[in-house]
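Inspection log for the structure reproduced underneath, given as structure tokens.
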Amino acid sequence: MKKILITGCNGQLGRAIRKEYEGEQVEFINTDVIDSDTSMALDITSLEEVLKLVESKKPDVVMNCAAHTGVDACEEQWDSAYRINALGARNMAIASAKVGAKLVHVSTDYVFSGEARKPYTEFDQTGPTGAYGKTKLEGERFVQQFGERYFIIRTAWLYGEGKNFVKTMLRLSESREEVTVVDDQWGSPTSAEELARLIHHLEPTENYGLFHGTCEGSCSWAGFAEEIFRLAGKNTLVKHVTTEEYGNICPTTAPRPAYSVLDNYMLRLTSGYQMADWKDALAEYMESGKK
């Protein structure tokens, strides 16, 4: 039976991965920051702790879904963000290599500056502007330095079973006739289910390396909100504003990339795999009742 150790198992992606593999001969070793009914505690920032668990369990695959994703908080908590996003990735890479396990490491569109005018490919120059992107990029580099058999998958605008933009918009629509959303930040909304399917596709293969994994197509956050309301049958209006205008209403600490659409170039080139269009994936998510 295949053994898969997963970090951040109770997050949106961790939940989606476990559901994706249901019905298969897989034993999950579920870990998260605290003990729960579904997971054991693992501090990925401790190499000693990571090595002890990985060497004792000897998984066939390690999936690192844990991250410090609070973009604004990362600006104020650099050390914590670096330990989790960079050193955590390093520790998982070292431990995976030691037992000969494959490593799936999840990264982000924030490794780019957001100044592009066309979708970023895997070989485009990185240039993160904030602490979150910088620490996640260091995590990628550590995986490439210490890992042996690894898949690095950059994704973006993720939503699934848990706190996310879709649920926030639907909650606001219950009490407001209009919501204010930025219209000058563009990306590709990606469902955790679609990303889990991609991971399931790559994991059994030896098609190692760096990949972009987002749903096809792109939109602004305002466009995303409008599609959410359309699918939900809501009459809530979306007021389009610039990032600067929104900052005057709700100040944020970290810079947001204006354009972070990712091109899944390596997936198409190496396997012909194509993820769902973002609107189709969103419709599937909304119909599933997870919203």
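Identifiers in this document derive from the order of the structure tokens: chains are assigned A, B, ..., residues are numbered from 1 separately in each chain, and ligands are numbered from 1 in order of occurrence.
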
Within 9 Å of Ser218 of chain A using only C-alpha atoms, minus same-chain residues under 4 positions, as a list in words: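 Selected residues are Trp186, Gly187, Ser188, Pro189, Phe224, Val261, Asp277 and Trp278 of chain A.
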
Emit the selected residues as a PDB file, in the first residue's frame, including N, CA and C atoms.
```pdb
ATOM      1  N   TRP A 186      -5.155  40.908 -11.555  1.00  0.00           N
ATOM      2  CA  TRP A 186      -5.619  39.813 -12.403  1.00  0.00           C
ATOM      3  C   TRP A 186      -4.904  38.505 -12.080  1.00  0.00           C
ATOM      4  N   GLY A 187      -5.678  37.425 -12.089  1.00  0.00           N
ATOM      5  CA  GLY A 187      -5.117  36.108 -11.826  1.00  0.00           C
ATOM      6  C   GLY A 187      -6.060  35.026 -12.320  1.00  0.00           C
ATOM      7  N   SER A 188      -5.809  33.807 -11.897  1.00  0.00           N
ATOM      8  CA  SER A 188      -6.614  32.657 -12.327  1.00  0.00           C
ATOM      9  C   SER A 188      -7.177  31.940 -11.109  1.00  0.00           C
ATOM     10  N   PRO A 189      -8.447  32.156 -10.771  1.00  0.00           N
ATOM     11  CA  PRO A 189      -9.055  31.430  -9.651  1.00  0.00           C
ATOM     12  C   PRO A 189      -8.903  29.927  -9.856  1.00  0.00           C
ATOM     13  N   PHE A 224     -14.216  37.939 -10.680  1.00  0.00           N
ATOM     14  CA  PHE A 224     -14.398  36.708  -9.907  1.00  0.00           C
ATOM     15  C   PHE A 224     -15.644  36.837  -9.042  1.00  0.00           C
ATOM     16  N   VAL A 261      -1.182  36.030 -13.630  1.00  0.00           N
ATOM     17  CA  VAL A 261      -1.732  34.903 -14.386  1.00  0.00           C
ATOM     18  C   VAL A 261      -0.588  33.962 -14.747  1.00  0.00           C
ATOM     19  N   ASP A 277     -11.296  25.120 -17.047  1.00  0.00           N
ATOM     20  CA  ASP A 277     -11.494  26.566 -17.087  1.00  0.00           C
ATOM     21  C   ASP A 277     -11.968  27.030 -15.716  1.00  0.00           C
ATOM     22  N   TRP A 278     -11.531  28.224 -15.310  1.00  0.00           N
ATOM     23  CA  TRP A 278     -11.841  28.676 -13.950  1.00  0.00           C
ATOM     24  C   TRP A 278     -13.339  28.796 -13.701  1.00  0.00           C
TER      25      TRP A 278
END
```

Those in segment 34-277 of chain A with helix (DSSP H, G or I) from DSSP, as a ChimeraX atom specification: /A:47-57,71-76,78-99,109-111,131-146,165-173,192-202,221-232,243-249,265-271

DSSP strand (DSSP E) selection over segment 53-271 of chain A, as a PyMOL selection string: chain A and resi 61-64+102-108+150-155+158-159+178-182+186-187+190-191+209-212+219-220+237-241

Proximity to Glu193 of chain A - best of A:Val238, A:Val181, A:Val33, A:Met275, only C-alpha atoms: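 Comparing A:Val238, A:Val181, A:Val33, A:Met275 against Glu193 of chain A, the winner is A:Met275.
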